[in-house]
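S.K.: Structure supplied as work.cif; contents: mmCIF, C-alpha atoms and all ligand atoms.
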```
data_final
loop_
_atom_site.label_atom_id
_atom_site.label_comp_id
_atom_site.auth_asym_id
_atom_site.auth_seq_id
_atom_site.Cartn_x
_atom_site.Cartn_y
_atom_site.Cartn_z
CA MET A 1 0.13 70.57 -148.27
CA LYS A 2 -3.48 71.78 -148.19
CA LYS A 3 -4.14 74.27 -145.39
CA VAL A 4 -6.81 73.19 -142.90
CA SER A 5 -9.46 75.87 -142.49
CA PRO A 6 -9.98 77.43 -139.01
CA THR A 7 -13.44 75.79 -138.78
CA ILE A 8 -12.03 72.31 -139.45
CA SER A 9 -9.13 72.96 -137.15
CA SER A 10 -11.43 73.87 -134.24
CA TYR A 11 -13.64 70.83 -135.04
CA LEU A 12 -10.56 68.59 -134.85
CA GLU A 13 -9.43 70.21 -131.59
CA GLN A 14 -12.88 69.63 -130.02
CA THR A 15 -12.94 66.01 -131.23
CA LYS A 16 -9.48 65.46 -129.77
CA ASP A 17 -10.57 66.86 -126.39
CA LEU A 18 -13.61 64.58 -126.32
CA LEU A 19 -12.29 61.41 -127.88
CA GLY A 20 -8.52 61.54 -127.78
CA ASP A 21 -6.30 61.06 -130.80
CA LYS A 22 -8.74 58.79 -132.68
CA LEU A 23 -10.93 60.61 -135.19
CA TYR A 24 -14.57 59.49 -135.47
CA LEU A 25 -16.31 61.10 -138.39
CA SER A 26 -20.06 60.80 -138.87
CA LYS A 27 -19.68 62.60 -142.19
CA ASP A 28 -17.27 62.39 -145.04
CA ILE A 29 -14.40 64.88 -144.60
CA SER A 30 -15.20 66.46 -147.97
CA ASP A 31 -18.79 67.18 -146.76
CA ILE A 32 -17.42 68.82 -143.61
CA GLU A 33 -14.99 70.81 -145.71
CA ALA A 34 -17.69 71.91 -148.17
CA GLU A 35 -19.97 73.00 -145.29
CA SER A 36 -17.20 74.88 -143.57
CA ASN A 37 -16.10 76.55 -146.81
CA SER A 38 -19.67 77.61 -147.46
CA SER A 39 -20.10 79.13 -143.98
CA GLU A 40 -16.73 80.88 -144.28
CA VAL A 41 -17.69 82.31 -147.68
CA SER A 42 -21.03 83.34 -146.26
CA SER A 43 -19.46 85.10 -143.28
CA SER A 44 -16.88 86.86 -145.44
CA LEU A 45 -19.63 88.11 -147.77
CA VAL A 46 -21.64 89.34 -144.78
CA GLU A 47 -18.54 90.97 -143.31
CA TYR A 48 -17.77 92.59 -146.64
CA SER A 49 -21.35 93.83 -147.00
CA ASN A 50 -21.16 95.37 -143.51
CA GLN A 51 -17.88 97.05 -144.40
CA ILE A 52 -19.15 98.78 -147.52
CA SER A 53 -22.86 99.33 -146.96
CA ASP A 54 -22.48 102.89 -145.69
CA CYS A 55 -20.52 103.85 -148.83
CA GLU A 56 -20.62 107.54 -149.74
CA LYS A 57 -18.22 107.41 -152.70
CA CYS A 58 -20.70 108.78 -155.21
CA SER A 59 -23.70 111.07 -154.97
CA LEU A 60 -26.21 108.21 -155.28
CA HIS A 61 -25.76 107.51 -151.57
CA SER A 62 -27.68 110.67 -150.68
CA ILE A 63 -30.87 109.52 -152.40
CA ARG A 64 -30.83 105.81 -151.61
CA THR A 65 -33.20 104.04 -149.23
CA ASN A 66 -30.99 100.95 -149.13
CA PHE A 67 -27.57 99.88 -150.32
CA VAL A 68 -28.34 96.78 -152.41
CA PHE A 69 -25.40 94.45 -151.90
CA GLY A 70 -26.64 91.16 -153.41
CA VAL A 71 -28.53 88.00 -152.43
CA GLY A 72 -28.40 84.28 -152.85
CA ASN A 73 -26.12 81.38 -152.22
CA PRO A 74 -22.64 82.55 -151.16
CA SER A 75 -21.20 79.33 -152.61
CA ALA A 76 -23.13 79.56 -155.86
CA ASP A 77 -21.65 78.15 -159.05
CA ILE A 78 -23.46 80.82 -161.05
CA VAL A 79 -23.60 84.55 -160.36
CA PHE A 80 -25.99 86.82 -162.29
CA VAL A 81 -24.93 90.44 -162.57
CA GLY A 82 -27.47 93.13 -163.45
CA GLU A 83 -27.17 96.87 -163.88
CA ALA A 84 -28.42 98.76 -160.83
CA PRO A 85 -31.26 98.64 -158.31
CA GLY A 86 -34.62 100.03 -159.42
CA LYS A 87 -37.36 101.48 -157.22
CA GLN A 88 -38.48 98.20 -155.62
CA GLU A 89 -34.90 97.05 -155.10
CA ASP A 90 -34.00 100.35 -153.42
CA LEU A 91 -37.03 100.04 -151.12
CA LEU A 92 -36.42 96.40 -150.18
CA GLY A 93 -32.60 96.30 -150.29
CA GLU A 94 -32.63 93.25 -152.57
CA PRO A 95 -31.74 92.97 -156.27
CA PHE A 96 -34.27 91.96 -158.91
CA VAL A 97 -37.47 92.02 -156.86
CA GLY A 98 -39.55 94.12 -159.30
CA ARG A 99 -41.10 93.09 -162.64
CA ALA A 100 -37.78 92.24 -164.26
CA GLY A 101 -36.86 90.18 -161.19
CA LYS A 102 -40.09 88.17 -161.34
CA LEU A 103 -39.27 87.35 -164.96
CA LEU A 104 -35.71 86.37 -163.99
CA ASP A 105 -37.19 84.03 -161.33
CA LYS A 106 -39.31 82.36 -164.03
CA ILE A 107 -36.35 81.96 -166.39
CA ILE A 108 -34.12 80.41 -163.75
CA ALA A 109 -37.00 78.15 -162.64
CA ALA A 110 -37.20 76.91 -166.24
CA ILE A 111 -33.67 75.54 -165.86
CA ASN A 112 -34.57 74.06 -162.46
CA LEU A 113 -32.87 76.69 -160.33
CA THR A 114 -34.15 78.89 -157.54
CA ARG A 115 -32.66 81.99 -155.93
CA ASP A 116 -31.18 79.70 -153.27
CA ASP A 117 -28.99 78.04 -155.89
CA ILE A 118 -27.52 81.17 -157.42
CA TYR A 119 -26.17 84.57 -156.41
CA ILE A 120 -27.58 87.83 -157.81
CA CYS A 121 -26.05 91.29 -157.65
CA ASN A 122 -25.66 94.46 -159.69
CA VAL A 123 -22.88 96.64 -161.03
CA LEU A 124 -24.19 99.59 -158.99
CA LYS A 125 -25.32 99.06 -155.43
CA CYS A 126 -27.45 102.23 -155.27
CA ARG A 127 -30.36 103.31 -157.44
CA PRO A 128 -29.76 105.99 -160.06
CA PRO A 129 -32.55 108.61 -160.08
CA ASP A 130 -35.48 107.68 -162.35
CA ASN A 131 -33.58 104.50 -163.26
CA ARG A 132 -31.29 106.39 -165.62
CA ASN A 133 -28.22 104.55 -166.93
CA PRO A 134 -25.27 104.45 -164.53
CA ASN A 135 -22.66 107.05 -165.47
CA THR A 136 -18.97 106.28 -165.98
CA SER A 137 -17.85 107.69 -162.67
CA GLU A 138 -20.53 105.77 -160.70
CA VAL A 139 -19.46 102.55 -162.39
CA GLU A 140 -15.79 103.24 -161.67
CA GLN A 141 -16.48 103.90 -157.97
CA CYS A 142 -18.71 100.86 -157.52
CA GLU A 143 -16.88 98.30 -159.67
CA PRO A 144 -14.34 97.30 -156.99
CA TYR A 145 -17.24 96.12 -154.81
CA LEU A 146 -18.45 93.78 -157.55
CA LYS A 147 -14.91 92.59 -158.15
CA THR A 148 -14.46 91.67 -154.48
CA GLN A 149 -17.85 89.95 -154.28
CA LEU A 150 -16.93 87.76 -157.23
CA LYS A 151 -13.52 87.03 -155.72
CA ILE A 152 -15.16 85.86 -152.46
CA ILE A 153 -17.82 83.73 -154.19
CA GLU A 154 -15.52 82.23 -156.85
CA PRO A 155 -18.36 80.99 -159.09
CA LYS A 156 -17.86 78.74 -162.11
CA LEU A 157 -19.88 81.05 -164.34
CA ILE A 158 -20.75 84.74 -164.40
CA VAL A 159 -23.83 85.75 -166.41
CA ALA A 160 -23.85 89.41 -167.39
CA LEU A 161 -27.46 90.55 -167.77
CA GLY A 162 -27.45 93.30 -170.36
CA ARG A 163 -24.93 95.72 -171.78
CA VAL A 164 -24.00 97.66 -168.66
CA ALA A 165 -22.97 94.49 -166.83
CA ALA A 166 -21.21 93.15 -169.92
CA LYS A 167 -19.29 96.39 -170.56
CA THR A 168 -18.27 96.72 -166.92
CA LEU A 169 -17.12 93.15 -166.43
CA LEU A 170 -15.72 92.30 -169.82
CA LYS A 171 -14.59 95.68 -171.13
CA VAL A 172 -16.24 95.02 -174.48
CA ASP A 173 -18.70 97.35 -176.12
CA LEU A 174 -20.56 95.54 -178.87
CA PRO A 175 -24.25 95.14 -179.65
CA LEU A 176 -25.74 92.66 -177.20
CA GLY A 177 -26.65 90.30 -180.04
CA GLU A 178 -22.91 90.03 -180.82
CA MET A 179 -21.73 89.69 -177.23
CA ARG A 180 -24.09 86.83 -176.43
CA LYS A 181 -22.50 84.74 -179.17
CA GLN A 182 -19.05 84.89 -177.54
CA SER A 183 -17.58 83.12 -174.51
CA TYR A 184 -15.55 85.27 -172.18
CA SER A 185 -13.31 84.88 -169.18
CA TYR A 186 -13.41 87.21 -166.18
CA GLU A 187 -10.40 86.81 -163.88
CA GLY A 188 -10.21 83.15 -164.95
CA ILE A 189 -13.96 82.55 -164.50
CA ASP A 190 -16.18 81.68 -167.49
CA ALA A 191 -18.49 84.53 -168.39
CA ILE A 192 -21.36 84.93 -170.82
CA VAL A 193 -23.69 87.74 -171.79
CA THR A 194 -27.43 87.56 -172.26
CA TYR A 195 -30.37 89.95 -172.44
CA HIS A 196 -31.42 91.88 -169.35
CA PRO A 197 -34.90 90.68 -168.26
CA ALA A 198 -36.17 94.28 -168.54
CA ALA A 199 -35.22 94.16 -172.24
CA LEU A 200 -37.35 91.02 -172.61
CA LEU A 201 -40.29 92.88 -171.07
CA ARG A 202 -39.83 95.69 -173.57
CA ASN A 203 -39.18 93.44 -176.55
CA PRO A 204 -40.58 89.88 -176.36
CA ALA A 205 -38.63 88.96 -179.53
CA PHE A 206 -35.54 88.70 -177.28
CA LYS A 207 -37.16 85.89 -175.30
CA ARG A 208 -36.19 83.14 -177.71
CA PRO A 209 -32.45 83.96 -177.94
CA CYS A 210 -32.39 84.49 -174.18
CA TRP A 211 -33.96 81.07 -173.64
CA GLU A 212 -31.26 79.57 -175.91
CA ASP A 213 -28.62 81.18 -173.68
CA PHE A 214 -30.20 79.70 -170.56
CA GLN A 215 -30.40 76.26 -172.18
CA LYS A 216 -26.64 76.52 -172.78
CA ILE A 217 -26.13 77.45 -169.14
CA ARG A 218 -28.19 74.42 -168.11
CA ASP A 219 -26.38 72.05 -170.48
CA ASN A 220 -22.85 73.29 -169.74
CA TYR A 221 -22.91 74.22 -166.06
CA LEU A 222 -25.68 72.23 -164.34
CA ASN A 223 -26.08 68.55 -163.59
CA LYS A 224 -22.44 67.84 -164.22
CA GLY A 225 -22.12 65.76 -161.04
N1 LIG A 301 -32.56 95.84 -162.94
C1 LIG A 301 -31.29 95.55 -162.58
O1 LIG A 301 -30.37 95.63 -163.37
N2 LIG A 301 -31.08 95.19 -161.33
C2 LIG A 301 -32.04 95.07 -160.43
O2 LIG A 301 -31.73 94.71 -159.29
C3 LIG A 301 -33.34 95.37 -160.83
C4 LIG A 301 -33.60 95.75 -162.09
#
```
Kindly transcribe the structure held in the file into structure tokens.

M.R.:
Amino acid sequence: MKKVSPTISSYLEQTKDLLGDKLYLSKDISDIEAESNSSEVSSSLVEYSNQISDCEKCSLHSIRTNFVFGVGNPSADIVFVGEAPGKQEDLLGEPFVGRAGKLLDKIIAAINLTRDDIYICNVLKCRPPDNRNPNTSEVEQCEPYLKTQLKIIEPKLIVALGRVAAKTLLKVDLPLGEMRKQSYSYEGIDAIVTYHPAALLRNPAFKRPCWEDFQKIRDNYLNKG
């Protein structure tokens, strides 16, 4: 039998106190369940963020302004995973708020999504100095955080933005042009790889294949009722 969530259980208790054994629902039970699941997911993500945000596992903690946990819809069907916070992200405590982030906003808008529909986070939660690539030990220390975030959110699709995210999540190390042609599974969740928006800023020739990837996301994961 399906377990009733604590939120629904307390709603039913209150209704019983007020109205007796008869149940009067102004909303469909599945709507109530979806709302309660979403607030539970949201509170567990917030709790998890509070638990880990003073992390000192690697040396990056000593130079960070902010621990950049992630933003967006805690019940999102799609999670985008980048590499690591840059300067703006470190200052504001939010992923993808610099130039690459503005481009990501435009790309997701082109498939009729906003930041409120999706969830965005990074492999590393702290900024590497001068935006250098994350090193192996930093990735190893930080990866469990990403793993838990994804477990809490349970999206339908994970989009790895660039090679660092793809290598970390999918344990494959191929040229990005190869990886984006494959479909992957991460802990039972569909996963795909596309270009990091910063790569599109450096090389506009990547824009077309990236747009093809986002069209596939739109056609396969959105508007499916
Ligand atoms: N690049 C990333 O990979 N993540 C950010 O949050 C910003 C830039």

S.K.: Could you give me, as a tab-separated table, a per-residue list for chain A showing, wherever an atom lies at most 6 Å from an atom of ligand LIG 301 (chain A), the closest pair of atoms and their distance in Å to one decimal, using all atoms listed in the file and sorting by chain then residue number from low to high?

M.R.:
```
residue	atom	partner	partner_atom	distance
A:Gly82	CA	A:LIG301	O1	3.8
A:Glu83	CA	A:LIG301	O1	3.5
A:Ala84	CA	A:LIG301	O1	4.5
A:Pro85	CA	A:LIG301	O2	4.1
A:Gly86	CA	A:LIG301	C3	5.0
A:Glu89	CA	A:LIG301	O2	5.8
A:Pro95	CA	A:LIG301	O2	3.5
A:Phe96	CA	A:LIG301	O2	3.8
A:Ala100	CA	A:LIG301	C4	5.9
A:Asn122	CA	A:LIG301	N2	5.7
```

S.K.: Using all atoms listed in the file, find the one residue out of A:Ala205, A:Lys147, A:Ser75, A:Val123 that sits nearest to Lys167 of chain A.

M.R.: A:Val123

S.K.: Which residues are close to Val68 of chain A, i.e. within 7 Å by only C-alpha atoms, leaving aside same-chain residues fewer than 2 positions away? Reply as a PyMOL selection string.

M.R.: chain A and resi 66+70+85+90+93-95+125-126

S.K.: Between atom CA of Trp211 of chain A and atom CA of Leu169 of chain A, what distance in Å does the model show, to one decimal?

M.R.: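 Spanning atom CA of Trp211 of chain A to atom CA of Leu169 of chain A is a straight-line distance of 21.9 Å.
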
S.K.: Have a look at atom CA of Lys87 of chain A and atom CA of Ile192 of chain A and let me know their distance in Å, one decimal.

M.R.: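 Going from atom CA of Lys87 of chain A over to atom CA of Ile192 of chain A, I get 26.7 Å.
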
S.K.: Name the closest residue to Ser62 of chain A among the candidates A:Tyr119, A:Lys151, A:Tyr221, A:Pro128; distances are taken between atoms, counting all atoms listed in the file.

M.R.: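 Between A:Tyr119, A:Lys151, A:Tyr221, A:Pro128, the residue approaching Ser62 of chain A most closely is A:Pro128.
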
S.K.: How far is it from atom CA of Pro74 of chain A to atom CA of Ser42 of chain A, in Å with one decimal?

M.R.: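 These atoms are spaced 5.2 Å apart.
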
S.K.: Would you kindly return, as a list in words, each protein, DNA or RNA residue with an atom no farther than 10 Å from any atom of Asp54 of chain A, considering all atoms listed in the file and excluding same-chain residues fewer than 5 positions away?

M.R.: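 In the requested format, the answer is Ser49, His61, Asn66 and Phe67 of chain A.
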
S.K.: Got a sec: who's within 9 Å of Ala76 of chain A, counting all atoms listed in the file, leaving out chain neighbours fewer than 4 positions off, as a PyMOL selection string?

M.R.: chain A and resi 72+116-119+153-156

S.K.: Write the selection just made, keeping C-alpha atoms, as a PDB file, in the frame of the given file?

M.R.:
```pdb
ATOM      1  CA  GLY A  72     -28.400  84.280-152.850  1.00  0.00           C
ATOM      2  CA  ASP A 116     -31.180  79.700-153.270  1.00  0.00           C
ATOM      3  CA  ASP A 117     -28.990  78.040-155.890  1.00  0.00           C
ATOM      4  CA  ILE A 118     -27.520  81.170-157.420  1.00  0.00           C
ATOM      5  CA  TYR A 119     -26.170  84.570-156.410  1.00  0.00           C
ATOM      6  CA  ILE A 153     -17.820  83.730-154.190  1.00  0.00           C
ATOM      7  CA  GLU A 154     -15.520  82.230-156.850  1.00  0.00           C
ATOM      8  CA  PRO A 155     -18.360  80.990-159.090  1.00  0.00           C
ATOM      9  CA  LYS A 156     -17.860  78.740-162.110  1.00  0.00           C
TER      10      LYS A 156
END
```

S.K.: Tell me which of A:Ala110, A:Ile52, A:Ala166, A:Leu103 sits closest to Arg218 of chain A, counting only C-alpha atoms.

M.R.: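 Closest to Arg218 of chain A of all the choices is A:Ala110.
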
S.K.: Which residue, A:Val81, A:Ser43, A:Val97, A:His196, has the smallest gap to Leu170 of chain A when you use all atoms listed in the file?

M.R.: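 Of the candidates, the smallest distance to Leu170 of chain A is held by A:Val81.
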
S.K.: Counting all atoms listed in the file, which residue out of A:Asp130, A:Glu143, A:Glu212, A:Glu40 sits closest to Val193 of chain A?

M.R.: A:Glu212

S.K.: Closest to Leu157 of chain A among A:Ala191, A:Leu91, A:Leu104, A:Cys55, using all atoms listed in the file?

M.R.: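 Nearest candidate to Leu157 of chain A out of A:Ala191, A:Leu91, A:Leu104, A:Cys55: A:Ala191.
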
S.K.: When you look at Leu222 of chain A with a cut-off of 9 Å (counting only C-alpha atoms), what residues show up, excluding the ones that are within fewer than 4 positions of it in the same chain? I need them as a ChimeraX atom specification.

M.R.: /A:77,111,217-218
